[in-house]
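Enquirer: Sharing a structure with you now.
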Amino acid sequence: MEAEVKILNNPEEVAREAAEQFAGLAQNALRKKGCFTVALSGGSTPKTFYALLAEESGFREKIPWEKIHFFWSDERHVPPDHPDSNFLMARATLLSKVPVPLRNVHRIPSEKPDAMRAADDYEKTLRAFFDAKEGEIPTLDLVLLGLGTDGHTASLFPGSPGLAERKSLIMANWVPKFNSYRITMTFPIINQAAFILVLVTGEDKAEILRAVLEGAPSEPGYPAQRVHPANGKCLWIVDRAAARLLERHQGDADKHG
Ligand code: 6PG
């Protein structure tokens, strides 16, 4: 799978590179159309990145937060005040520290008991915001993703029904290993993004990152290998620990590391 990969020395450098990319993409989008739309990812990797945007004046003061609209690439099927909530993590690390108007924060209504209803409602929110009719796929300026050690991205897990979804933008995806639903963007909307940033750090991701980026065709496929922007760009920002087993991409370390 050929993708652009930047290998940096450690998670802090990965976070800084992601913040630089975020700021640059936001400025470009604002110049072109006066707003910037981003889907945030969850889990633990992006926390340092979100905190850097909020706490370093070079980012906090420069980014026109009032013109940015925040969405989520996935969410756990929990209320927004639950410790597992991706919204709660983003609010704690970023959104509560920068002047983003509440109307610009479009969280997934994951508190709804019916996960399918939550997914349908979020799809309606996206279609209304982007004025995208049935059959049309909205283009977000930036979609952030992570990588699980099982090769999942967003909440598109191996063997889950969401992998095959081609029509819905958002779906409630049953994840057996958690015995719960996740509400997730599907590949059609992920791959419609103008820019996809995948952040991966840590030794525990080395084997899966190798398999996803450099696995032989004979090796099993992983959901993250289906991240292929139709017209946009995909950049993997990884640290040396996660990149330890990469062969074809080590050269990137010299350029960026
Ligand atoms: C989530 C994320 C998920 C995450 C990966 C990596 O809801 O957990 O969307 O796709 O990005 O599981 O998680 P870590 O960053 O915690 O390793």
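Naming scheme: A, B, ... for chains in displayed order of the structure tokens; residues 1 onward per chain; ligands 1 onward as shown.
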Find the nearest atom pair between each residue of chain A and ligand 1 for residues within 8 Å, count only C-alpha atoms and all ligand atoms, give distances in Å to one decimal, sort rows by chain and ascending number, and present the table as a Markdown table.

Expert:
| residue | atom | partner | partner_atom_place_in_ligand_line | distance |
| --- | --- | --- | --- | --- |
| A:Ser41 | CA | ligand 1 | 9 (O) | 4.9 |
| A:Gly42 | CA | ligand 1 | 2 (C) | 4.0 |
| A:Gly43 | CA | ligand 1 | 16 (O) | 3.6 |
| A:Ser44 | CA | ligand 1 | 16 (O) | 3.7 |
| A:Thr45 | CA | ligand 1 | 15 (O) | 3.6 |
| A:Pro46 | CA | ligand 1 | 15 (O) | 6.4 |
| A:Ser73 | CA | ligand 1 | 9 (O) | 6.7 |
| A:Asp74 | CA | ligand 1 | 9 (O) | 5.4 |
| A:Glu75 | CA | ligand 1 | 7 (O) | 5.5 |
| A:Arg76 | CA | ligand 1 | 7 (O) | 6.2 |
| A:Asn86 | CA | ligand 1 | 7 (O) | 6.2 |
| A:Leu145 | CA | ligand 1 | 11 (O) | 5.5 |
| A:Gly146 | CA | ligand 1 | 11 (O) | 3.4 |
| A:Leu147 | CA | ligand 1 | 6 (C) | 4.5 |
| A:Gly148 | CA | ligand 1 | 12 (O) | 4.1 |
| A:Thr149 | CA | ligand 1 | 12 (O) | 7.5 |
| A:His152 | CA | ligand 1 | 10 (O) | 6.2 |
| A:Thr153 | CA | ligand 1 | 10 (O) | 4.3 |
| A:Ala154 | CA | ligand 1 | 10 (O) | 3.7 |
| A:Ser155 | CA | ligand 1 | 10 (O) | 5.2 |
| A:Leu156 | CA | ligand 1 | 10 (O) | 7.5 |
| A:Arg182 | CA | ligand 1 | 7 (O) | 7.9 |
| A:Leu199 | CA | ligand 1 | 15 (O) | 7.8 |
| A:Val200 | CA | ligand 1 | 15 (O) | 7.1 |
| A:Thr201 | CA | ligand 1 | 17 (O) | 7.6 |
| A:Lys205 | CA | ligand 1 | 17 (O) | 8.0 |

Enquirer: In stretch 32-202 of chain A, what's strand (DSSP E) per DSSP? Answer as number ranges by chain?

Expert: A: 36-40, 68-72, 74-76, 142-145, 170-175, 180-185, 195-200

Enquirer: As a ChimeraX atom specification, please: every residue in stretch 21-80 of chain A that a backbone DSSP assignment puts in alpha helix (DSSP H).

Expert: /A:21-33,46-55,57-60

Enquirer: Rank nothing, just name the residue among A:Gly159, A:Asp239, A:Asn179, A:Glu247 nearest to A:Pro220, using only C-alpha atoms.

Expert: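 Using only C-alpha atoms, the shortest distance to A:Pro220 belongs to A:Gly159.
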
Enquirer: Using only C-alpha atoms, which of the listed residues (A:Ile208, A:Ala193, A:Val143, A:Leu95) sits closest to A:Glu55?

Expert: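 Of A:Ile208, A:Ala193, A:Val143, A:Leu95, the one nearest A:Glu55 is A:Leu95, counting only C-alpha atoms.
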